[in-house]
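Listing of target_24.cif; format and content: mmCIF, C-alpha atoms and all ligand atoms.
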```cif
data_target
#
loop_
_atom_site.group_PDB
_atom_site.id
_atom_site.type_symbol
_atom_site.label_atom_id
_atom_site.label_comp_id
_atom_site.auth_asym_id
_atom_site.auth_seq_id
_atom_site.Cartn_x
_atom_site.Cartn_y
_atom_site.Cartn_z
ATOM 1 C CA MET A 1 0.000 0.000 0.000
ATOM 2 C CA SER A 2 2.733 2.478 0.843
ATOM 3 C CA ASN A 3 4.720 4.335 -1.795
ATOM 4 C CA PRO A 4 7.662 2.005 -2.470
ATOM 5 C CA SER A 5 10.008 4.985 -2.632
ATOM 6 C CA TYR A 6 9.321 5.792 1.022
ATOM 7 C CA LYS A 7 11.024 3.657 3.639
ATOM 8 C CA ARG A 8 11.140 6.248 6.373
ATOM 9 C CA VAL A 9 9.065 9.385 6.635
ATOM 10 C CA LEU A 10 8.616 12.245 9.014
ATOM 11 C CA LEU A 11 4.993 13.171 9.585
ATOM 12 C CA LYS A 12 4.471 16.720 10.788
ATOM 13 C CA LEU A 13 1.066 17.542 12.233
ATOM 14 C CA SER A 14 0.186 21.087 13.177
ATOM 15 C CA GLY A 15 -1.107 21.434 16.713
ATOM 16 C CA GLU A 16 -4.407 22.747 15.325
ATOM 17 C CA VAL A 17 -5.152 19.341 13.861
ATOM 18 C CA LEU A 18 -5.351 17.891 17.388
ATOM 19 C CA MET A 19 -8.211 20.266 18.233
ATOM 20 C CA GLY A 20 -10.589 18.305 16.005
ATOM 21 C CA GLU A 21 -13.759 20.397 15.994
ATOM 22 C CA GLN A 22 -12.800 22.210 19.213
ATOM 23 C CA GLN A 23 -11.536 25.787 19.360
ATOM 24 C CA PHE A 24 -8.629 24.997 21.676
ATOM 25 C CA GLY A 25 -6.658 22.150 23.206
ATOM 26 C CA ILE A 26 -6.752 18.453 22.535
ATOM 27 C CA ASP A 27 -9.749 16.472 21.276
ATOM 28 C CA SER A 28 -8.869 12.982 22.554
ATOM 29 C CA GLU A 29 -11.298 11.248 20.219
ATOM 30 C CA PHE A 30 -9.796 12.953 17.205
ATOM 31 C CA VAL A 31 -6.267 12.192 18.392
ATOM 32 C CA ALA A 32 -7.329 8.533 18.653
ATOM 33 C CA GLU A 33 -8.490 8.690 15.009
ATOM 34 C CA LEU A 34 -5.160 10.196 13.959
ATOM 35 C CA ALA A 35 -3.345 7.465 15.871
ATOM 36 C CA LYS A 36 -5.287 4.831 13.905
ATOM 37 C CA GLU A 37 -4.038 6.370 10.666
ATOM 38 C CA VAL A 38 -0.462 6.373 11.919
ATOM 39 C CA LYS A 39 -0.821 2.747 13.021
ATOM 40 C CA ALA A 40 -2.179 1.725 9.604
ATOM 41 C CA ALA A 41 0.743 3.476 7.896
ATOM 42 C CA LYS A 42 3.229 1.770 10.186
ATOM 43 C CA GLU A 43 1.696 -1.630 9.490
ATOM 44 C CA THR A 44 2.710 -1.266 5.850
ATOM 45 C CA GLY A 45 6.322 -1.503 7.050
ATOM 46 C CA LEU A 46 7.042 2.199 6.979
ATOM 47 C CA GLU A 47 9.340 3.748 9.596
ATOM 48 C CA ILE A 48 7.654 6.796 11.078
ATOM 49 C CA CYS A 49 9.006 9.838 12.886
ATOM 50 C CA LEU A 50 6.401 12.283 14.156
ATOM 51 C CA VAL A 51 6.599 15.981 14.955
ATOM 52 C CA ILE A 52 3.570 17.752 16.373
ATOM 53 C CA GLY A 53 3.183 21.510 16.681
ATOM 54 C CA GLY A 54 1.752 23.379 19.645
ATOM 55 C CA GLY A 55 -0.527 25.982 18.071
ATOM 56 C CA ASN A 56 -3.643 24.391 19.609
ATOM 57 C CA ILE A 57 -2.304 25.389 23.032
ATOM 58 C CA PHE A 58 0.197 28.227 22.745
ATOM 59 C CA ARG A 59 2.176 30.080 20.103
ATOM 60 C CA GLY A 60 5.086 32.307 21.061
ATOM 61 C CA MET A 61 4.108 34.966 18.531
ATOM 62 C CA ALA A 62 0.650 35.256 20.093
ATOM 63 C CA GLY A 63 2.201 35.760 23.525
ATOM 64 C CA ALA A 64 4.653 38.325 22.141
ATOM 65 C CA ALA A 65 1.789 40.185 20.448
ATOM 66 C CA LYS A 66 0.254 40.623 23.892
ATOM 67 C CA GLY A 67 3.466 42.066 25.309
ATOM 68 C CA MET A 68 5.275 38.959 26.559
ATOM 69 C CA ASP A 69 8.976 38.535 26.049
ATOM 70 C CA ARG A 70 9.233 36.562 22.783
ATOM 71 C CA ALA A 71 11.781 34.004 23.963
ATOM 72 C CA GLN A 72 9.830 33.340 27.141
ATOM 73 C CA ALA A 73 6.644 32.885 25.135
ATOM 74 C CA ASP A 74 8.434 30.547 22.721
ATOM 75 C CA TYR A 75 9.527 28.314 25.585
ATOM 76 C CA MET A 76 5.869 28.068 26.571
ATOM 77 C CA GLY A 77 5.106 27.084 22.973
ATOM 78 C CA MET A 78 7.761 24.373 23.134
ATOM 79 C CA LEU A 79 6.192 23.002 26.310
ATOM 80 C CA ALA A 80 2.852 22.891 24.477
ATOM 81 C CA THR A 81 4.410 20.640 21.829
ATOM 82 C CA VAL A 82 5.534 18.245 24.560
ATOM 83 C CA MET A 83 1.953 17.996 25.841
ATOM 84 C CA ASN A 84 0.749 17.192 22.335
ATOM 85 C CA ALA A 85 3.501 14.612 21.892
ATOM 86 C CA LEU A 86 2.435 12.899 25.127
ATOM 87 C CA ALA A 87 -1.208 12.919 24.019
ATOM 88 C CA MET A 88 -0.252 11.253 20.740
ATOM 89 C CA GLN A 89 2.016 8.764 22.504
ATOM 90 C CA ASN A 90 -0.874 7.818 24.762
ATOM 91 C CA ALA A 91 -3.236 7.363 21.810
ATOM 92 C CA LEU A 92 -0.738 5.263 19.856
ATOM 93 C CA GLU A 93 0.116 3.055 22.818
ATOM 94 C CA GLN A 94 -3.582 2.438 23.486
ATOM 95 C CA LEU A 95 -3.611 0.914 20.012
ATOM 96 C CA GLY A 96 -0.577 -1.218 20.827
ATOM 97 C CA VAL A 97 1.892 0.884 18.836
ATOM 98 C CA GLU A 98 5.187 1.226 20.694
ATOM 99 C CA THR A 99 6.432 4.793 20.761
ATOM 100 C CA ARG A 100 9.121 6.925 22.311
ATOM 101 C CA VAL A 101 8.991 10.683 22.812
ATOM 102 C CA GLN A 102 12.278 12.567 22.466
ATOM 103 C CA SER A 103 12.275 16.215 23.490
ATOM 104 C CA ALA A 104 14.738 18.888 22.405
ATOM 105 C CA VAL A 105 14.197 20.468 25.833
ATOM 106 C CA GLN A 106 15.398 17.926 28.350
ATOM 107 C CA MET A 107 12.661 16.580 30.626
ATOM 108 C CA ASP A 108 13.990 13.374 32.148
ATOM 109 C CA GLN A 109 10.917 12.428 34.148
ATOM 110 C CA VAL A 110 8.650 12.754 31.155
ATOM 111 C CA CYS A 111 10.514 11.586 28.061
ATOM 112 C CA GLU A 112 13.908 10.959 26.515
ATOM 113 C CA PRO A 113 16.202 13.711 25.276
ATOM 114 C CA VAL A 114 16.823 13.846 21.521
ATOM 115 C CA ILE A 115 19.573 11.325 20.812
ATOM 116 C CA ARG A 116 19.812 10.482 17.135
ATOM 117 C CA ARG A 117 21.427 7.073 17.542
ATOM 118 C CA ARG A 118 18.860 6.055 20.092
ATOM 119 C CA ALA A 119 16.070 7.258 17.814
ATOM 120 C CA GLU A 120 17.573 5.112 15.034
ATOM 121 C CA ARG A 121 17.426 2.086 17.300
ATOM 122 C CA HIS A 122 13.789 2.781 18.177
ATOM 123 C CA LEU A 123 12.879 2.934 14.504
ATOM 124 C CA GLU A 124 14.763 -0.323 13.837
ATOM 125 C CA LYS A 125 12.711 -1.928 16.584
ATOM 126 C CA GLY A 126 9.515 -0.780 14.912
ATOM 127 C CA ARG A 127 8.723 2.045 17.303
ATOM 128 C CA VAL A 128 7.282 5.385 16.283
ATOM 129 C CA VAL A 129 9.541 8.215 17.464
ATOM 130 C CA ILE A 130 7.799 11.461 18.375
ATOM 131 C CA PHE A 131 10.139 14.447 18.415
ATOM 132 C CA ALA A 132 8.921 17.212 20.736
ATOM 133 C CA ALA A 133 9.955 20.813 21.490
ATOM 134 C CA GLY A 134 10.938 21.632 17.916
ATOM 135 C CA VAL A 135 14.619 22.481 17.601
ATOM 136 C CA GLY A 136 14.746 23.388 21.308
ATOM 137 C CA ALA A 137 15.378 27.073 20.721
ATOM 138 C CA PRO A 138 13.129 30.137 20.640
ATOM 139 C CA TYR A 139 12.477 32.036 17.384
ATOM 140 C CA PHE A 140 11.966 28.715 15.594
ATOM 141 C CA THR A 141 8.891 26.670 14.831
ATOM 142 C CA THR A 142 8.050 23.000 14.779
ATOM 143 C CA ASP A 143 8.197 23.196 10.967
ATOM 144 C CA SER A 144 11.914 23.865 11.318
ATOM 145 C CA GLY A 145 12.089 21.100 13.917
ATOM 146 C CA ALA A 146 10.402 18.742 11.462
ATOM 147 C CA ALA A 147 12.814 19.662 8.644
ATOM 148 C CA LEU A 148 15.800 19.236 10.967
ATOM 149 C CA ARG A 149 14.694 15.821 12.252
ATOM 150 C CA ALA A 150 13.772 14.682 8.737
ATOM 151 C CA ALA A 151 17.307 15.582 7.631
ATOM 152 C CA GLU A 152 19.164 14.040 10.548
ATOM 153 C CA MET A 153 17.053 10.867 10.538
ATOM 154 C CA GLY A 154 17.504 10.459 6.781
ATOM 155 C CA CYS A 155 13.772 10.522 6.019
ATOM 156 C CA ASP A 156 12.678 10.053 2.413
ATOM 157 C CA ALA A 157 9.977 12.701 2.737
ATOM 158 C CA LEU A 158 8.471 15.206 5.103
ATOM 159 C CA LEU A 159 4.705 14.737 5.119
ATOM 160 C CA LYS A 160 2.957 17.870 6.273
ATOM 161 C CA GLY A 161 -0.543 16.946 7.457
ATOM 162 C CA THR A 162 -2.612 20.066 7.807
ATOM 163 C CA SER A 163 -6.126 21.464 7.312
ATOM 164 C CA VAL A 164 -5.582 22.342 3.639
ATOM 165 C CA ASP A 165 -5.310 19.736 0.881
ATOM 166 C CA GLY A 166 -2.164 21.119 -0.739
ATOM 167 C CA VAL A 167 -0.357 24.259 -1.814
ATOM 168 C CA TYR A 168 -2.288 26.917 -3.758
ATOM 169 C CA ASP A 169 -1.079 29.836 -5.851
ATOM 170 C CA SER A 170 -3.260 32.116 -3.694
ATOM 171 C CA ASP A 171 -5.446 31.686 -0.619
ATOM 172 C CA PRO A 172 -8.328 29.338 -1.571
ATOM 173 C CA LYS A 173 -10.395 30.700 1.335
ATOM 174 C CA THR A 174 -10.490 34.184 -0.188
ATOM 175 C CA ASN A 175 -9.917 33.446 -3.897
ATOM 176 C CA PRO A 176 -12.288 30.909 -5.517
ATOM 177 C CA GLU A 177 -9.985 30.888 -8.594
ATOM 178 C CA ALA A 178 -6.992 29.708 -6.548
ATOM 179 C CA LYS A 179 -5.186 26.787 -8.196
ATOM 180 C CA ARG A 180 -3.594 23.901 -6.355
ATOM 181 C CA TYR A 181 -0.139 22.792 -7.455
ATOM 182 C CA GLN A 182 0.489 19.091 -8.106
ATOM 183 C CA THR A 183 4.177 19.775 -7.682
ATOM 184 C CA VAL A 184 6.057 22.982 -7.077
ATOM 185 C CA ASP A 185 9.758 23.678 -6.597
ATOM 186 C CA TYR A 186 11.287 24.943 -3.389
ATOM 187 C CA ASP A 187 12.453 28.221 -4.894
ATOM 188 C CA THR A 188 8.962 29.109 -6.147
ATOM 189 C CA VAL A 189 7.578 28.429 -2.680
ATOM 190 C CA LEU A 190 10.191 30.757 -1.187
ATOM 191 C CA ALA A 191 10.030 33.479 -3.854
ATOM 192 C CA ASP A 192 6.223 33.612 -3.921
ATOM 193 C CA ASN A 193 5.951 33.199 -0.159
ATOM 194 C CA LEU A 194 3.509 30.297 -0.607
ATOM 195 C CA LYS A 195 2.012 28.981 2.607
ATOM 196 C CA VAL A 196 3.739 25.635 3.046
ATOM 197 C CA MET A 197 6.050 25.888 6.020
ATOM 198 C CA ASP A 198 8.205 28.726 7.262
ATOM 199 C CA ALA A 199 11.085 29.758 5.018
ATOM 200 C CA SER A 200 13.872 28.261 7.137
ATOM 201 C CA ALA A 201 12.132 24.863 7.100
ATOM 202 C CA VAL A 202 11.627 24.972 3.317
ATOM 203 C CA ALA A 203 15.270 26.001 2.781
ATOM 204 C CA LEU A 204 16.516 23.155 4.980
ATOM 205 C CA CYS A 205 14.429 20.655 2.995
ATOM 206 C CA ARG A 206 15.686 22.155 -0.276
ATOM 207 C CA ASP A 207 19.324 21.976 0.783
ATOM 208 C CA ASN A 208 18.916 18.341 1.776
ATOM 209 C CA SER A 209 16.633 17.352 -1.133
ATOM 210 C CA ILE A 210 13.791 16.251 1.120
ATOM 211 C CA PRO A 211 10.439 16.405 -0.686
ATOM 212 C CA ILE A 212 7.640 18.058 1.299
ATOM 213 C CA VAL A 213 4.253 16.437 0.770
ATOM 214 C CA VAL A 214 1.411 18.745 1.805
ATOM 215 C CA PHE A 215 -1.995 17.135 2.334
ATOM 216 C CA SER A 216 -5.105 17.352 4.511
ATOM 217 C CA ILE A 217 -5.000 15.031 7.495
ATOM 218 C CA ARG A 218 -8.587 15.889 8.393
ATOM 219 C CA GLU A 219 -10.140 13.386 5.984
ATOM 220 C CA LYS A 220 -10.104 9.811 7.149
ATOM 221 C CA GLY A 221 -7.819 7.540 5.172
ATOM 222 C CA ASN A 222 -5.957 10.389 3.537
ATOM 223 C CA LEU A 223 -2.574 9.535 5.034
ATOM 224 C CA ALA A 224 -2.725 6.027 3.552
ATOM 225 C CA GLN A 225 -3.753 7.460 0.183
ATOM 226 C CA VAL A 226 -0.944 9.972 0.165
ATOM 227 C CA LEU A 227 1.562 7.284 1.083
ATOM 228 C CA ALA A 228 0.293 5.247 -1.843
ATOM 229 C CA GLY A 229 0.983 8.242 -4.092
ATOM 230 C CA GLU A 230 -2.752 8.820 -4.544
ATOM 231 C CA GLY A 231 -5.204 11.352 -3.167
ATOM 232 C CA THR A 232 -5.010 15.105 -3.177
ATOM 233 C CA GLN A 233 -1.613 16.493 -2.267
ATOM 234 C CA THR A 234 1.111 18.869 -3.394
ATOM 235 C CA ILE A 235 4.721 17.772 -3.538
ATOM 236 C CA VAL A 236 7.366 20.441 -3.036
ATOM 237 C CA GLN A 237 10.580 19.260 -4.690
ATOM 238 C CA LYS A 238 13.439 20.370 -6.965
HETATM 239 N N1 LIG B 1 8.633 26.808 19.293
HETATM 240 C C1 LIG B 1 9.905 27.365 19.447
HETATM 241 N N2 LIG B 1 10.972 26.695 18.902
HETATM 242 C C2 LIG B 1 10.847 25.542 18.218
HETATM 243 C C3 LIG B 1 9.546 25.004 18.056
HETATM 244 C C4 LIG B 1 8.457 25.650 18.598
HETATM 245 O O1 LIG B 1 10.061 28.404 20.037
HETATM 246 O O2 LIG B 1 11.859 24.983 17.769
HETATM 247 C C5 LIG B 1 7.473 27.471 19.934
HETATM 248 C C6 LIG B 1 6.968 28.696 19.181
HETATM 249 O O3 LIG B 1 6.537 29.640 20.113
HETATM 250 C C7 LIG B 1 5.776 28.142 18.423
HETATM 251 C C8 LIG B 1 5.222 27.146 19.399
HETATM 252 O O4 LIG B 1 6.387 26.565 20.010
HETATM 253 O O5 LIG B 1 4.833 29.141 18.128
HETATM 254 C C9 LIG B 1 4.362 26.066 18.815
HETATM 255 O O6 LIG B 1 4.933 25.537 17.646
HETATM 256 P P1 LIG B 1 4.335 25.838 16.179
HETATM 257 O O7 LIG B 1 3.850 27.254 16.097
HETATM 258 O O8 LIG B 1 5.366 25.400 15.209
HETATM 259 O O9 LIG B 1 3.097 24.847 16.152
HETATM 260 P P2 LIG B 1 2.051 24.539 14.970
HETATM 261 O O10 LIG B 1 1.798 25.822 14.230
HETATM 262 O O11 LIG B 1 2.659 23.511 14.091
HETATM 263 O O12 LIG B 1 0.850 24.012 15.700
#
```

File written out as structure tokens:
Amino acid sequence: MSNPSYKRVLLKLSGEVLMGEQQFGIDSEFVAELAKEVKAAKETGLEICLVIGGGNIFRGMAGAAKGMDRAQADYMGMLATVMNALAMQNALEQLGVETRVQSAVQMDQVCEPVIRRRAERHLEKGRVVIFAAGVGAPYFTTDSGAALRAAEMGCDALLKGTSVDGVYDSDPKTNPEAKRYQTVDYDTVLADNLKVMDASAVALCRDNSIPIVVFSIREKGNLAQVLAGEGTQTIVQK
């Protein structure tokens, strides 16, 4: 079922996806549905790294906009990503999928620190590795964290599961004529400021030739379809 060219992928989910139909926080039932999709993908033999954002709980920029110190607010955002990682770990383990959470901000009582060789071993043993706290530094996002982990773990693709079914030449919410790209190159994404991931994440993927597959994770079964090279998606590549 899975795309034979993918042996190992990094799946990035924005924190918003975990809200389900809620306005804030974590919808456990929806997280359980997401976990089922991840389990099904793993059962095809794929090695899966996961990165989950924190926007459903806290974004540093939002805190800074209200007068908080940006770095302080970003650390709060990083902590939010750890909460999401733990929620996903719980959901996956309830389905019998072994997982390990590795955080870029050390939290010994809660999860492992990021150790690449150890993460490799987990993947070899068939575990899903969830990388939390982005790159572990303020002024970054989990998109950059996802690109970094995809590069260091040698992933064949970065799958960006979001609320939109691909990359458009303009905002489909405001422009009914907006066209979705099947494929688009990194430099066009950067030059036209297309909404894929932040620029540093796109540049890191470009420099390491990691294709970015943008698709909607909200529709059931979509992850499996995308992995099979079917379904609606946009691939950002050279
Ligand atoms: N964050 C950070 N450094 C990182 C990753 C995340 O400072 O390497 C903070 C930042 O404040 C960000 C928040 O964590 O707004 C949540 O991450 P993100 O906005 O990427 O989540 P998403 O939009 O994917 O839900």

Closest pair table for chain A residues within 8 Å of ligand LIG 1 (chain B), only C-alpha atoms and all ligand atoms, as a tab-separated table:
```
residue	atom	partner	partner_atom	distance
A:Lys12	CA	B:LIG1	O11	7.8
A:Leu13	CA	B:LIG1	O11	6.5
A:Ser14	CA	B:LIG1	O11	3.6
A:Gly15	CA	B:LIG1	O12	3.4
A:Glu16	CA	B:LIG1	O12	5.4
A:Val17	CA	B:LIG1	O12	7.8
A:Ile52	CA	B:LIG1	O11	6.3
A:Gly53	CA	B:LIG1	O11	3.3
A:Gly54	CA	B:LIG1	C9	3.8
A:Gly55	CA	B:LIG1	O12	3.4
A:Asn56	CA	B:LIG1	O12	6.0
A:Ile57	CA	B:LIG1	C9	7.9
A:Phe58	CA	B:LIG1	C9	6.1
A:Arg59	CA	B:LIG1	O5	3.4
A:Gly60	CA	B:LIG1	O3	3.2
A:Met61	CA	B:LIG1	O5	5.9
A:Ala62	CA	B:LIG1	O5	7.7
A:Arg70	CA	B:LIG1	O3	7.9
A:Ala71	CA	B:LIG1	O1	7.1
A:Ala73	CA	B:LIG1	O3	6.0
A:Asp74	CA	B:LIG1	O3	3.4
A:Tyr75	CA	B:LIG1	O1	5.6
A:Met76	CA	B:LIG1	O3	6.7
A:Gly77	CA	B:LIG1	O4	3.3
A:Met78	CA	B:LIG1	O4	4.1
A:Leu79	CA	B:LIG1	O4	7.2
A:Ala80	CA	B:LIG1	C9	6.7
A:Thr81	CA	B:LIG1	C9	6.2
A:Ala133	CA	B:LIG1	C3	5.4
A:Gly134	CA	B:LIG1	O2	3.5
A:Val135	CA	B:LIG1	O2	3.7
A:Gly136	CA	B:LIG1	O2	4.8
A:Ala137	CA	B:LIG1	N2	4.8
A:Pro138	CA	B:LIG1	O1	3.6
A:Tyr139	CA	B:LIG1	O1	5.1
A:Phe140	CA	B:LIG1	N2	4.0
A:Thr141	CA	B:LIG1	C3	3.7
A:Thr142	CA	B:LIG1	O8	3.6
A:Asp143	CA	B:LIG1	O8	5.6
A:Ser144	CA	B:LIG1	O2	6.5
A:Gly145	CA	B:LIG1	O2	5.5
```

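Among the candidates A:Ala157, A:Leu11, A:Ala201, A:Ala40, the residue lying nearest to Leu95 in chain A is A:Ala40 (atoms considered: all atoms listed in the file).
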
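Evaluating the PyMOL selection byres (((chain A and resi 94) around 12) and not hetatm) against the shown model yields Ser28, Val31, Ala32, Glu33, Ala35, Lys36, Lys39, Ala87, Met88, Gln89, Asn90, Ala91, Leu92, Glu93, Leu95, Gly96, Val97, Glu98 and Thr99 of chain A.
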
Å distance separating CA of Tyr186 in chain A from CA of Cys205 in chain A, one decimal place: 8.3 Å

Chain and number of each residue from the PyMOL selection byres (((chain A and resi 150) around 10) and not hetatm), as number ranges by chain: A: 8-12, 49-51, 144-149, 151-159, 204-205, 208, 210

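Our summary of the geometry notes that CA of Thr234 in chain A is positioned 21.9 Å from CA of Lys42 in chain A.
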
d(CA of Thr183 in chain A, CA of Thr162 in chain A) in Å: 16.9 Å

Spatial neighbours of Gly161 in chain A, max dist 6 Å, all atoms listed in the file, sep filter under 5 positions, as a ChimeraX atom specification: /A:13,215-217

Picked residues, the PyMOL selection byres (((chain A and resi 170) around 12) and not hetatm), expected as a count of residues only: 21

N, CA and C atoms modelled onto range 69-87 of chain A, as an mmCIF file, keeping the file's coordinate frame:
```
data_model
loop_
_atom_site.group_PDB
_atom_site.id
_atom_site.type_symbol
_atom_site.label_atom_id
_atom_site.label_comp_id
_atom_site.auth_asym_id
_atom_site.auth_seq_id
_atom_site.Cartn_x
_atom_site.Cartn_y
_atom_site.Cartn_z
ATOM 1 N N ASP A 69 7.649 38.704 26.630
ATOM 2 C CA ASP A 69 8.976 38.535 26.049
ATOM 3 C C ASP A 69 8.906 37.367 25.061
ATOM 4 N N ARG A 70 9.402 37.565 23.831
ATOM 5 C CA ARG A 70 9.233 36.562 22.783
ATOM 6 C C ARG A 70 9.871 35.218 23.148
ATOM 7 N N ALA A 71 11.104 35.266 23.656
ATOM 8 C CA ALA A 71 11.781 34.004 23.963
ATOM 9 C C ALA A 71 11.030 33.239 25.053
ATOM 10 N N GLN A 72 10.580 33.975 26.052
ATOM 11 C CA GLN A 72 9.830 33.340 27.141
ATOM 12 C C GLN A 72 8.566 32.675 26.589
ATOM 13 N N ALA A 73 7.877 33.403 25.730
ATOM 14 C CA ALA A 73 6.644 32.885 25.135
ATOM 15 C C ALA A 73 6.940 31.658 24.268
ATOM 16 N N ASP A 74 8.067 31.696 23.566
ATOM 17 C CA ASP A 74 8.434 30.547 22.721
ATOM 18 C C ASP A 74 8.703 29.303 23.566
ATOM 19 N N TYR A 75 9.316 29.494 24.720
ATOM 20 C CA TYR A 75 9.527 28.314 25.585
ATOM 21 C C TYR A 75 8.185 27.721 26.006
ATOM 22 N N MET A 76 7.203 28.584 26.246
ATOM 23 C CA MET A 76 5.869 28.068 26.571
ATOM 24 C C MET A 76 5.311 27.276 25.390
ATOM 25 N N GLY A 77 5.553 27.801 24.175
ATOM 26 C CA GLY A 77 5.106 27.084 22.973
ATOM 27 C C GLY A 77 5.767 25.714 22.873
ATOM 28 N N MET A 78 7.052 25.666 23.191
ATOM 29 C CA MET A 78 7.761 24.373 23.134
ATOM 30 C C MET A 78 7.162 23.385 24.127
ATOM 31 N N LEU A 79 6.815 23.898 25.317
ATOM 32 C CA LEU A 79 6.192 23.002 26.310
ATOM 33 C C LEU A 79 4.852 22.472 25.785
ATOM 34 N N ALA A 80 4.133 23.324 25.059
ATOM 35 C CA ALA A 80 2.852 22.891 24.477
ATOM 36 C C ALA A 80 3.069 21.718 23.528
ATOM 37 N N THR A 81 4.172 21.746 22.778
ATOM 38 C CA THR A 81 4.410 20.640 21.829
ATOM 39 C C THR A 81 4.704 19.335 22.575
ATOM 40 N N VAL A 82 5.278 19.458 23.769
ATOM 41 C CA VAL A 82 5.534 18.245 24.560
ATOM 42 C C VAL A 82 4.197 17.643 25.017
ATOM 43 N N MET A 83 3.277 18.491 25.430
ATOM 44 C CA MET A 83 1.953 17.996 25.841
ATOM 45 C C MET A 83 1.286 17.263 24.679
ATOM 46 N N ASN A 84 1.358 17.844 23.501
ATOM 47 C CA ASN A 84 0.749 17.192 22.335
ATOM 48 C C ASN A 84 1.432 15.865 22.024
ATOM 49 N N ALA A 85 2.758 15.853 22.161
ATOM 50 C CA ALA A 85 3.501 14.612 21.892
ATOM 51 C C ALA A 85 3.059 13.513 22.866
ATOM 52 N N LEU A 86 2.858 13.886 24.131
ATOM 53 C CA LEU A 86 2.435 12.899 25.127
ATOM 54 C C LEU A 86 1.018 12.407 24.832
ATOM 55 N N ALA A 87 0.169 13.320 24.370
ATOM 56 C CA ALA A 87 -1.208 12.919 24.019
ATOM 57 C C ALA A 87 -1.182 11.915 22.870
#
```
